[in-house]
>>> print(open('run_25.txt').read())   # compact mmCIF, C-alpha atoms
# COMPACT_ATOMS: atom_id res chain seq x y z
CA MET I 1 17.73 64.42 32.55
CA TRP I 2 14.82 63.20 30.37
CA LEU I 3 17.13 62.82 27.41
CA TRP I 4 19.26 60.45 29.50
CA LEU I 5 16.28 58.46 30.82
CA ALA I 6 14.60 57.91 27.44
CA PRO I 7 17.19 55.42 26.08
CA VAL I 8 17.19 53.54 29.41
CA ILE I 9 13.39 53.25 29.44
CA LEU I 10 13.43 52.12 25.80
CA LEU I 11 16.08 49.50 26.59
CA VAL I 12 14.07 48.21 29.57
CA LEU I 13 10.93 47.99 27.45
CA LEU I 14 12.83 46.07 24.76
CA ILE I 15 14.20 43.63 27.34
CA VAL I 16 10.77 43.12 28.91
CA GLY I 17 9.21 42.67 25.49
CA PHE I 18 11.87 40.14 24.51
CA VAL I 19 11.37 38.17 27.75
CA LEU I 20 7.59 38.16 27.24
CA PHE I 21 8.11 37.00 23.66
CA LEU I 22 10.31 34.13 24.81
CA GLN I 23 7.84 33.11 27.51
CA SER I 24 4.95 33.02 25.05
CA HIS I 25 6.98 31.12 22.44
CA GLY I 26 8.60 28.46 24.58
CA GLY I 27 10.23 30.25 27.46
CA VAL I 28 13.78 31.27 28.24
CA ASN I 29 14.72 27.62 28.76
CA PHE I 30 13.52 26.52 25.31
CA PRO I 31 16.48 25.07 23.35
CA TRP I 32 16.16 27.55 20.52
CA VAL I 33 19.54 26.99 18.86
CA GLN I 34 19.48 23.19 19.13
CA PHE I 35 15.86 22.99 17.97
CA TYR I 36 16.35 25.08 14.83
CA ALA I 37 19.70 23.44 14.04
CA ARG I 38 18.28 19.92 14.35
CA GLY I 39 15.21 20.90 12.36
CA THR I 40 17.42 22.17 9.54
CA GLU I 41 19.46 18.95 9.62
CA SER I 42 16.23 16.97 9.34
CA GLY I 43 15.29 18.76 6.13
CA PHE I 44 12.71 21.24 7.44
CA VAL I 45 12.74 24.90 6.37
CA PHE I 46 12.54 27.78 8.84
CA ARG I 47 8.77 28.25 8.50
CA GLU I 48 8.16 24.54 9.12
CA ILE I 49 10.50 24.49 12.11
CA ASN I 50 8.61 27.43 13.57
CA THR I 51 5.34 25.48 13.22
CA LEU I 52 6.89 22.48 14.97
CA ARG I 53 8.23 24.71 17.75
CA LYS I 54 4.75 26.10 18.31
CA ALA I 55 3.39 22.55 18.52
CA THR I 56 5.96 21.40 21.08
CA VAL I 57 5.16 24.44 23.22
CA GLU I 58 1.41 23.72 23.06
CA ALA I 59 2.06 20.08 23.96
CA ASN I 60 4.41 21.00 26.85
CA LEU I 61 7.02 18.60 25.53
CA GLU I 62 9.86 18.16 28.00
CA ASN I 63 12.52 17.70 25.32
CA PRO I 64 11.32 19.51 22.17
CA VAL I 65 14.36 18.51 20.09
CA SER I 66 13.37 14.83 20.43
CA ILE I 67 10.56 15.15 17.85
CA PHE I 68 13.20 15.11 15.10
CA SER I 69 14.43 11.66 16.12
CA SER I 70 11.42 9.98 17.71
CA VAL I 71 8.10 9.19 16.04
CA LYS I 72 6.62 8.58 19.51
CA GLN I 73 7.55 12.09 20.62
CA PHE I 74 6.12 13.51 17.39
CA ASP I 75 2.86 11.68 18.09
CA ARG I 76 2.90 12.92 21.67
CA THR I 77 3.20 16.48 20.36
CA ILE I 78 0.21 15.96 18.04
CA ARG I 79 -1.75 14.39 20.90
CA GLY I 80 -1.18 17.51 22.99
CA VAL I 81 -2.41 19.76 20.17
CA VAL I 82 -5.54 17.63 19.54
CA THR I 83 -6.31 17.46 23.27
CA LYS I 84 -6.12 21.24 23.52
CA MET I 85 -8.36 21.65 20.45
CA ARG I 86 -10.98 19.36 21.97
CA ALA I 87 -10.83 21.06 25.37
CA ASN I 88 -11.28 24.48 23.74
CA LEU I 89 -14.08 23.18 21.44
CA GLN I 90 -11.95 23.99 18.37
CA THR I 91 -12.34 20.74 16.41
CA GLU I 92 -14.43 22.62 13.82
CA ASP I 93 -12.18 25.70 13.84
CA PRO I 94 -10.53 26.19 10.38
CA PRO I 95 -7.25 27.80 11.61
CA SER I 96 -6.80 25.07 14.25
CA ASN I 97 -7.42 22.36 11.65
CA ARG I 98 -4.99 23.95 9.20
CA PHE I 99 -2.33 23.97 11.91
CA LEU I 100 -3.03 20.33 12.80
CA GLY I 101 -2.98 19.44 9.10
CA GLN I 102 0.51 20.91 8.82
CA LEU I 103 1.66 18.72 11.69
CA TYR I 104 0.27 15.63 9.98
CA ASP I 105 2.06 16.58 6.75
CA PHE I 106 5.31 16.65 8.73
CA ARG I 107 4.39 13.39 10.48
CA LYS I 108 3.91 11.73 7.08
CA ARG I 109 7.33 12.96 5.98
CA VAL I 110 8.93 11.43 9.07
CA GLU I 111 7.07 8.14 8.45
CA PHE I 112 8.08 7.87 4.80
CA ASN I 113 11.72 8.46 5.70
CA LEU I 114 11.70 5.10 7.52
CA PRO I 115 13.74 2.41 5.67
CA LYS I 116 10.73 0.13 5.07
CA TYR I 117 9.19 2.78 2.77
CA ARG I 118 12.39 3.84 1.00
CA LEU I 119 14.27 0.65 0.22
CA GLY I 120 11.76 -1.71 -1.39
CA ILE I 121 12.78 -5.08 -2.84
CA GLN I 122 14.74 -6.09 -5.94
CA SER I 123 13.91 -9.77 -6.39
CA THR I 124 10.84 -12.01 -6.32
CA ARG I 125 12.82 -14.24 -3.95
CA GLU I 126 11.94 -11.73 -1.25
CA LEU I 127 8.18 -12.23 -1.60
CA MET I 128 6.29 -13.84 1.25
CA ALA I 129 3.80 -16.69 1.03
CA SER I 130 0.16 -15.50 0.67
CA GLN I 131 1.24 -12.41 -1.33
CA LYS I 132 -1.59 -11.60 -3.76
CA ILE I 133 -0.55 -11.20 -7.40
CA ARG I 134 -2.22 -10.38 -10.70
CA LEU I 135 -1.13 -12.16 -13.88
CA SER I 136 -1.62 -10.97 -17.45
CA LEU I 137 -1.26 -12.95 -20.66
CA PRO I 138 -0.49 -11.10 -23.90
CA GLY I 139 -4.00 -10.38 -25.14
CA GLY I 140 -5.42 -12.91 -22.71
CA GLY I 141 -6.92 -10.86 -19.89
CA SER I 142 -6.13 -10.63 -16.20
CA PHE I 143 -6.01 -13.39 -13.56
CA MET I 144 -5.71 -13.41 -9.77
CA ALA I 145 -3.46 -15.73 -7.75
CA SER I 146 -1.30 -15.81 -4.62
CA VAL I 147 2.14 -17.06 -3.67
CA VAL I 148 1.90 -20.54 -2.10
CA GLU I 149 5.61 -21.20 -1.59
CA ASN I 150 8.75 -19.27 -2.52
CA LEU I 151 11.65 -21.58 -3.33
CA ARG I 152 15.16 -20.94 -4.58
CA LYS I 153 14.54 -21.99 -8.19
CA TYR I 154 10.92 -20.95 -8.66
CA MET I 155 7.73 -19.67 -7.03
CA ALA I 156 4.71 -21.89 -6.53
CA ILE I 157 1.49 -19.93 -6.95
CA SER I 158 -2.18 -20.82 -6.65
CA TYR I 159 -3.98 -21.65 -9.87
CA PRO I 160 -4.97 -18.37 -11.56
CA VAL I 161 -8.61 -17.32 -11.32
CA GLY I 162 -10.09 -15.32 -14.17
CA LYS I 163 -11.89 -15.77 -17.44
CA THR I 164 -12.50 -19.32 -18.66
CA MET I 165 -9.74 -20.50 -20.99
CA PRO I 166 -10.38 -22.71 -24.06
CA PRO I 167 -10.30 -26.52 -23.68
CA GLY I 168 -6.78 -27.93 -23.69
CA PHE I 169 -5.17 -24.65 -22.64
CA SER I 170 -2.00 -25.05 -20.58
CA TRP I 171 -0.14 -22.38 -18.65
CA LYS I 172 3.17 -24.15 -19.15
CA ASN I 173 5.72 -22.08 -21.13
CA GLN I 174 3.37 -19.07 -21.21
CA LYS I 175 5.06 -15.68 -20.87
CA ILE I 176 3.29 -13.57 -18.27
CA THR I 177 3.39 -10.12 -16.75
CA VAL I 178 2.89 -10.06 -13.00
CA TYR I 179 1.80 -7.17 -10.79
CA PHE I 180 1.60 -7.07 -7.00
CA TRP I 181 1.19 -4.54 -4.24
CA ARG I 182 3.59 -5.01 -1.32
CA MET I 183 2.19 -4.03 2.06
CA GLU I 184 3.56 -0.70 3.38
CA ASP I 185 5.74 -0.30 0.31
CA ALA I 186 4.71 0.07 -3.33
CA GLY I 187 3.40 -1.67 -6.43
CA TYR I 188 5.74 -3.84 -8.54
CA PHE I 189 5.78 -5.28 -12.08
CA PHE I 190 7.90 -8.06 -13.51
CA GLU I 191 7.91 -10.43 -16.47
CA SER I 192 8.14 -14.17 -15.99
CA LYS I 193 7.53 -17.56 -17.55
CA VAL I 194 5.37 -20.42 -16.35
CA LEU I 195 7.63 -23.43 -15.77
CA GLU I 196 5.02 -26.05 -14.84
CA ASP I 197 1.23 -26.38 -14.83
CA PHE I 198 -0.12 -28.82 -12.23
CA LEU I 199 -3.83 -28.61 -13.01
CA ASP I 200 -4.29 -32.32 -12.32
CA ARG I 201 -3.25 -32.11 -8.67
CA LYS I 202 -5.66 -32.08 -5.73
CA PHE I 203 -4.64 -28.45 -5.18
CA PRO I 204 -3.71 -27.10 -8.64
CA ILE I 205 -0.67 -24.80 -8.73
CA LEU I 206 1.78 -23.24 -11.17
CA TYR I 207 5.55 -22.92 -10.95
CA ILE I 208 6.78 -19.58 -12.31
CA ALA I 209 10.33 -18.32 -12.83
CA HIS I 210 11.93 -15.80 -10.51
CA SER I 211 12.84 -12.29 -11.58
CA ASP I 212 15.64 -10.07 -10.27
CA SER I 213 14.42 -7.09 -12.30
CA LEU I 214 11.41 -5.79 -10.41
CA ILE I 215 10.00 -2.45 -11.54
CA ARG I 216 8.81 -0.42 -8.56
CA SER I 217 5.83 1.87 -9.17
CA GLN I 218 2.88 3.50 -7.40
CA LYS I 219 4.83 4.33 -4.27
CA ARG I 220 2.58 4.83 -1.29
CA ARG I 221 1.28 8.38 -0.92
CA SER I 222 -0.45 7.87 2.39
CA ILE I 223 -0.41 5.59 5.41
CA ARG I 224 -3.14 2.95 5.34
CA VAL I 225 -4.25 0.86 8.32
CA GLU I 226 -6.39 -2.24 8.34
CA THR I 227 -9.65 -2.17 10.27
CA ASN I 228 -12.72 -4.29 10.88
CA LEU I 229 -15.49 -1.78 11.43
CA GLY I 230 -19.13 -1.78 10.43
CA CYS I 231 -20.06 1.06 8.10
CA SER I 232 -22.90 2.29 5.91
CA LEU I 233 -22.76 2.72 2.16
CA TYR I 234 -24.85 5.17 0.12
CA ASN I 235 -25.12 5.67 -3.64
CA LEU I 236 -24.35 9.10 -5.09
CA SER I 237 -25.99 10.38 -8.26
CA SER I 238 -22.59 11.73 -9.32
CA ILE I 239 -19.22 12.46 -7.76
CA GLN I 240 -20.09 16.17 -7.97
CA SER I 241 -22.73 15.58 -5.27
CA ALA I 242 -20.09 14.41 -2.78
CA ASN I 243 -20.61 15.86 0.69
CA GLU I 244 -19.69 15.27 4.34
CA THR I 245 -23.22 15.45 5.75
CA VAL I 246 -23.94 12.68 8.26
CA GLU I 247 -26.86 10.54 7.09
CA LYS I 248 -29.71 9.72 9.50
CA SER I 249 -31.22 6.85 7.50
CA PRO I 250 -29.54 3.43 7.41
CA GLY I 251 -27.55 2.66 4.30
CA TYR I 252 -26.27 -0.51 2.69
CA ARG I 253 -24.30 -2.45 5.30
CA ALA I 254 -20.59 -3.05 4.69
CA ARG I 255 -17.31 -3.60 6.54
CA LEU I 256 -14.48 -1.09 6.46
CA VAL I 257 -11.33 -3.18 6.00
CA ASP I 258 -8.78 -0.40 5.57
CA ILE I 259 -8.63 3.38 5.54
CA SER I 260 -6.30 6.26 4.77
CA GLU I 261 -6.76 9.95 4.04
CA ASP I 262 -6.82 9.06 0.31
CA GLY I 263 -9.55 6.44 0.47
CA CYS I 264 -10.59 3.12 1.91
CA ALA I 265 -11.47 -0.49 1.15
CA LEU I 266 -14.88 -2.01 1.87
CA LEU I 267 -16.09 -5.59 2.10
CA VAL I 268 -19.57 -5.97 0.61
CA GLY I 269 -21.83 -8.81 -0.44
CA GLY I 270 -22.17 -9.48 -4.16
CA LYS I 271 -20.61 -7.41 -6.93
CA ALA I 272 -20.27 -3.74 -7.76
CA LYS I 273 -19.11 -1.69 -10.74
CA VAL I 274 -15.85 0.16 -11.16
CA GLY I 275 -16.52 3.88 -11.54
CA MET I 276 -19.52 4.06 -9.20
CA PRO I 277 -19.59 7.16 -6.95
CA ILE I 278 -20.39 6.25 -3.34
CA LYS I 279 -20.60 7.71 0.14
CA VAL I 280 -19.20 5.87 3.17
CA GLN I 281 -20.21 6.63 6.75
CA VAL I 282 -18.26 5.09 9.64
CA THR I 283 -17.56 5.79 13.30
CA LEU I 284 -13.81 5.54 13.86
CA THR I 285 -13.78 6.74 17.46
CA ASP I 286 -16.68 8.69 18.94
CA GLU I 287 -18.36 10.56 16.09
CA PRO I 288 -19.56 9.43 12.65
CA LEU I 289 -17.32 10.41 9.77
CA VAL I 290 -18.18 10.66 6.07
CA MET I 291 -15.97 9.98 3.06
CA CYS I 292 -17.05 10.11 -0.59
CA GLY I 293 -15.24 8.69 -3.58
CA MET I 294 -15.17 6.46 -6.66
CA ILE I 295 -14.80 2.69 -6.86
CA LYS I 296 -11.43 2.33 -8.60
CA GLY I 297 -10.88 -1.41 -8.20
CA ILE I 298 -12.70 -4.57 -7.16
CA THR I 299 -11.46 -7.90 -5.83
CA PHE I 300 -14.31 -10.41 -6.21
CA ASP I 301 -14.46 -13.67 -4.23
CA GLU I 302 -16.65 -15.89 -6.40
CA LYS I 303 -16.95 -18.71 -3.84
CA LYS I 304 -18.18 -16.40 -1.07
CA ASN I 305 -19.99 -14.03 -3.45
CA ARG I 306 -18.48 -10.93 -1.92
CA SER I 307 -16.21 -8.13 -3.05
CA ILE I 308 -13.57 -5.82 -1.67
CA LEU I 309 -14.12 -2.36 -3.14
CA HIS I 310 -11.10 -0.06 -3.38
CA ILE I 311 -12.28 3.53 -3.03
CA GLN I 312 -10.34 6.58 -4.15
CA ALA I 313 -11.67 9.44 -2.05
CA VAL I 314 -12.60 12.95 -3.00
CA PRO I 315 -10.08 15.08 -1.04
CA PRO I 316 -11.71 15.41 2.40
CA SER I 317 -11.99 18.62 4.39
CA ALA I 318 -9.18 19.44 6.83
CA ARG I 319 -11.44 18.41 9.73
CA VAL I 320 -12.24 14.98 8.28
CA SER I 321 -8.67 14.41 7.09
CA ASN I 322 -7.33 15.20 10.57
CA ALA I 323 -9.87 12.87 12.18
CA ILE I 324 -8.80 10.05 9.85
CA LEU I 325 -5.10 10.66 10.48
CA THR I 326 -5.63 10.79 14.25
CA TYR I 327 -7.08 7.29 13.89
CA VAL I 328 -4.50 6.05 11.36
CA TYR I 329 -1.51 7.13 13.47
CA ASN I 330 -3.29 5.88 16.61
CA ILE I 331 -2.48 9.13 18.40
CA PHE I 332 -4.54 8.23 21.47
CA ASP I 333 -3.74 4.48 21.46
CA ASP I 334 -7.45 3.66 21.09
CA ARG I 335 -7.36 1.87 17.75
CA LYS I 336 -7.64 -1.91 17.95
CA GLU I 337 -5.12 -3.79 15.84
CA VAL I 338 -6.64 -6.33 13.45
CA PRO I 339 -4.95 -9.32 11.79
CA ARG I 340 -3.64 -8.48 8.35
CA ARG I 341 -5.56 -9.83 5.39
CA GLY I 342 -2.44 -10.00 3.25
CA SER I 343 -1.47 -7.62 0.48
CA THR I 344 -4.56 -7.09 -1.65
CA ILE I 345 -4.32 -6.33 -5.34
CA ARG I 346 -5.12 -2.74 -6.24
CA GLN I 347 -6.22 -1.72 -9.69
CA SER I 348 -5.46 1.96 -9.13
CA PRO I 349 -3.06 4.10 -7.07
CA PRO I 350 -3.37 2.95 -3.45
CA SER I 351 -5.91 4.41 -1.08
>>> encode(input="run_25.txt", output="structure tokens")
Amino acid sequence: MWLWLAPVILLVLLIVGFVLFLQSHGGVNFPWVQFYARGTESGFVFREINTLRKATVEANLENPVSIFSSVKQFDRTIRGVVTKMRANLQTEDPPSNRFLGQLYDFRKRVEFNLPKYRLGIQSTRELMASQKIRLSLPGGGSFMASVVENLRKYMAISYPVGKTMPPGFSWKNQKITVYFWRMEDAGYFFESKVLEDFLDRKFPILYIAHSDSLIRSQKRRSIRVETNLGCSLYNLSSIQSANETVEKSPGYRARLVDISEDGCALLVGGKAKVGMPIKVQVTLTDEPLVMCGMIKGITFDEKKNRSILHIQAVPPSARVSNAILTYVYNIFDDRKEVPRRGSTIRQSPPS
């Protein structure tokens, strides 16, 4: 009798255990086969798909499979996870932040698979007016300019700003190397020749030759968004003293003009030095956030006596990185859009 009942009881326990497992991992109605199949098609491995499944369950997503085809649904999933972390007071919890960090890694992968990040451009004819560029002469230093007009036979650019050239110098027929950073894309190099130098005009410009041989480099490693937020700047004795402690005393006032998990750009009065270690404190949403890093590039506006500092950040903690990415991806639709400043020149890998 007992020998006959034992297998039955074991089978019942296995069935109950399996049902409980399904309920705690998405329920009987969760589209297990479709979810894992679509995840594999999208390039995720089993471990990653399992993480995404857990996130869709936590977010109570009605159609879990949709995260593989919809950025909005992916963001909705992340929003559900962040909301739950906040409700359970887990924003400082390391395991919760590691899990959220994994989701943002996947979110970045989805973003960079979009055509605008993968395709790039092949010709200078595709450049837009106001595009910032940096010109270099062989042994003659670096100069800043911008595209004024892009025509079929040539590009008209603003007169280069840089070191003072000797009397009688003309840009005409000079061979130049040009670098530019294209918004939401990558950095590019090309060689060109100055066709005309109109220094004597009311608004001096140059005509430079087009190039159909652009070299694409410094592909974007992170998503950067433009902002217009007040922030505080503090000097660091060295980059080794970088920390995420919120400062109580007021620092040097600045404006945060863009931010990503890799760094930021600041608008400050006067000049600064490349290589300076600094600490930036800003409130993106509700709480102050701290980022430390090195000044890797400077764009100086001589007329207005102000600079844009390009900061390469010390890798932030998972908590700070997640807070930045929640803002960057606008997960809660609370980030105000600001007019674009145009594509600024960067003298280092992008922030």
>>> closest_residue(input="run_25.txt", among="I:Ser232, I:Gln312, I:Thr285, I:Thr299", to="Asn330 (chain I)", atoms="only C-alpha atoms")
I:Thr285
>>> atom_distance(input="run_25.txt", atom1="CA of Asn228 (chain I)", atom2="CA of Cys264 (chain I)")
11.8 Å
>>> atom_distance(input="run_25.txt", atom1="CA of Pro288 (chain I)", atom2="CA of Ile259 (chain I)")
14.4 Å
>>> atom_distance(input="run_25.txt", atom1="CA of Asp301 (chain I)", atom2="CA of Pro160 (chain I)")
12.9 Å
>>> axis_aligned_box(input="run_25.txt", around="region 89-103 of chain I", padding_each_side="4 Å", output="AutoDock Vina command-line options")
--center_x -6.4 --center_y 23.3 --center_z 15.1 --size_x 24.1 --size_y 17.1 --size_z 20.6
>>> residues_near_point(input="run_25.txt", point="(-19.0, -10.4, -2.0)", cutoff="8 Å", atoms="all atoms listed in the file", output="list of chain:residue names")
I:Leu267, I:Val268, I:Gly269, I:Gly270, I:Lys271, I:Phe300, I:Asp301, I:Glu302, I:Lys304, I:Asn305, I:Arg306, I:Ser307, I:Ile308
>>> residues_around(input="run_25.txt", residues="Asp334 (chain I)", least_positions_apart="4", cutoff="12 Å", atoms="all atoms listed in the file", output="list in words")
Leu284, Thr285, Asp286, Thr326, Tyr327, Val328, Tyr329 and Asn330 of chain I
>>> write_last_selection(input="run_25.txt", atoms="C-alpha atoms", output="PDB file, in the frame of the given file")
ATOM      1  CA  LEU I 284     -13.810   5.540  13.860  1.00  0.00           C
ATOM      2  CA  THR I 285     -13.780   6.740  17.460  1.00  0.00           C
ATOM      3  CA  ASP I 286     -16.680   8.690  18.940  1.00  0.00           C
ATOM      4  CA  THR I 326      -5.630  10.790  14.250  1.00  0.00           C
ATOM      5  CA  TYR I 327      -7.080   7.290  13.890  1.00  0.00           C
ATOM      6  CA  VAL I 328      -4.500   6.050  11.360  1.00  0.00           C
ATOM      7  CA  TYR I 329      -1.510   7.130  13.470  1.00  0.00           C
ATOM      8  CA  ASN I 330      -3.290   5.880  16.610  1.00  0.00           C
TER       9      ASN I 330
END
>>> closest_atom_pairs(input="run_25.txt", of="region 118-153 of chain I", to="region 201-225 of chain I", cutoff="9 Å", atoms="only C-alpha atoms", output="JSON lines")
{"residue": "I:Gly120", "atom": "CA", "partner": "I:Arg216", "partner_atom": "CA", "distance": 7.9}
{"residue": "I:Ile121", "atom": "CA", "partner": "I:Leu214", "partner_atom": "CA", "distance": 7.7}
{"residue": "I:Gln122", "atom": "CA", "partner": "I:Leu214", "partner_atom": "CA", "distance": 5.6}
{"residue": "I:Ser123", "atom": "CA", "partner": "I:Asp212", "partner_atom": "CA", "distance": 4.3}
{"residue": "I:Thr124", "atom": "CA", "partner": "I:Ser211", "partner_atom": "CA", "distance": 5.6}
{"residue": "I:Arg125", "atom": "CA", "partner": "I:His210", "partner_atom": "CA", "distance": 6.8}
{"residue": "I:Val148", "atom": "CA", "partner": "I:Ile205", "partner_atom": "CA", "distance": 8.3}
{"residue": "I:Arg152", "atom": "CA", "partner": "I:His210", "partner_atom": "CA", "distance": 8.5}
{"residue": "I:Lys153", "atom": "CA", "partner": "I:His210", "partner_atom": "CA", "distance": 7.1}
>>> closest_residue(input="run_25.txt", among="I:Met165, I:Leu229, I:Val246, I:Ile49", to="Arg335 (chain I)", atoms="all atoms listed in the file")
I:Leu229
>>> residues_around(input="run_25.txt", residues="Glu92 (chain I)", least_positions_apart="2", cutoff="12 Å", atoms="all atoms listed in the file", output="ChimeraX atom specification")
/I:82,85-86,88-90,94-98,100,317-320,322-323
>>> closest_residue(input="run_25.txt", among="I:Ala145, I:Leu103, I:Val45, I:Met155", to="Val194 (chain I)", atoms="all atoms listed in the file")
I:Met155
>>> residues_around(input="run_25.txt", residues="Ala129 (chain I)", least_positions_apart="6", cutoff="9 Å", atoms="all atoms listed in the file", output="ChimeraX atom specification")
/I:146-150,157
>>> residues_around(input="run_25.txt", residues="Asn235 (chain I)", least_positions_apart="5", cutoff="8 Å", atoms="only C-alpha atoms", output="number ranges by chain")
I: 277-279
>>> build_atoms(input="run_25.txt", residues="region 165-189 of chain I", atoms="N, CA and C atoms", output="short mmCIF file (atom, residue, chain, number, x, y, z; two decimals), keeping the file's coordinate frame")
data_model
loop_
_atom_site.label_atom_id
_atom_site.label_comp_id
_atom_site.auth_asym_id
_atom_site.auth_seq_id
_atom_site.Cartn_x
_atom_site.Cartn_y
_atom_site.Cartn_z
N MET I 165 -10.63 -20.30 -19.84
CA MET I 165 -9.74 -20.50 -20.99
C MET I 165 -10.26 -21.64 -21.87
N PRO I 166 -9.88 -21.67 -23.13
CA PRO I 166 -10.38 -22.71 -24.06
C PRO I 166 -9.92 -24.11 -23.64
N PRO I 167 -10.67 -25.15 -24.01
CA PRO I 167 -10.30 -26.52 -23.68
C PRO I 167 -8.89 -26.85 -24.17
N GLY I 168 -8.13 -27.54 -23.32
CA GLY I 168 -6.78 -27.93 -23.69
C GLY I 168 -5.72 -26.87 -23.41
N PHE I 169 -6.14 -25.70 -22.92
CA PHE I 169 -5.17 -24.65 -22.64
C PHE I 169 -4.25 -25.07 -21.50
N SER I 170 -2.98 -24.78 -21.63
CA SER I 170 -2.00 -25.05 -20.58
C SER I 170 -1.20 -23.78 -20.31
N TRP I 171 -0.95 -23.53 -19.03
CA TRP I 171 -0.14 -22.38 -18.65
C TRP I 171 1.35 -22.61 -18.91
N LYS I 172 1.75 -23.84 -19.01
CA LYS I 172 3.17 -24.15 -19.15
C LYS I 172 3.77 -23.44 -20.37
N ASN I 173 4.94 -22.82 -20.12
CA ASN I 173 5.72 -22.08 -21.13
C ASN I 173 5.08 -20.75 -21.55
N GLN I 174 3.99 -20.37 -20.90
CA GLN I 174 3.37 -19.07 -21.21
C GLN I 174 4.21 -17.94 -20.61
N LYS I 175 4.40 -16.88 -21.39
CA LYS I 175 5.06 -15.68 -20.87
C LYS I 175 4.00 -14.80 -20.22
N ILE I 176 4.28 -14.33 -19.03
CA ILE I 176 3.29 -13.57 -18.27
C ILE I 176 3.89 -12.29 -17.71
N THR I 177 3.03 -11.33 -17.49
CA THR I 177 3.39 -10.12 -16.75
C THR I 177 2.69 -10.19 -15.41
N VAL I 178 3.43 -9.92 -14.35
CA VAL I 178 2.89 -10.06 -13.00
C VAL I 178 2.95 -8.71 -12.28
N TYR I 179 1.86 -8.39 -11.60
CA TYR I 179 1.80 -7.17 -10.79
C TYR I 179 1.42 -7.55 -9.37
N PHE I 180 2.02 -6.88 -8.39
CA PHE I 180 1.60 -7.07 -7.00
C PHE I 180 1.82 -5.79 -6.22
N TRP I 181 1.04 -5.66 -5.16
CA TRP I 181 1.19 -4.54 -4.24
C TRP I 181 1.77 -5.07 -2.94
N ARG I 182 2.92 -4.55 -2.54
CA ARG I 182 3.59 -5.01 -1.32
C ARG I 182 3.18 -4.12 -0.16
N MET I 183 2.69 -4.75 0.89
CA MET I 183 2.19 -4.03 2.06
C MET I 183 3.21 -3.02 2.56
N GLU I 184 2.75 -1.79 2.83
CA GLU I 184 3.56 -0.70 3.38
C GLU I 184 4.76 -0.37 2.49
N ASP I 185 4.60 -0.57 1.18
CA ASP I 185 5.74 -0.30 0.31
C ASP I 185 5.28 0.35 -0.99
N ALA I 186 5.04 -0.47 -2.02
CA ALA I 186 4.71 0.07 -3.33
C ALA I 186 4.18 -1.06 -4.21
N GLY I 187 3.80 -0.68 -5.44
CA GLY I 187 3.40 -1.67 -6.43
C GLY I 187 4.61 -2.08 -7.26
N TYR I 188 4.62 -3.31 -7.76
CA TYR I 188 5.74 -3.84 -8.54
C TYR I 188 5.23 -4.57 -9.78
N PHE I 189 6.02 -4.51 -10.87
CA PHE I 189 5.78 -5.28 -12.08
C PHE I 189 7.01 -6.13 -12.37
#
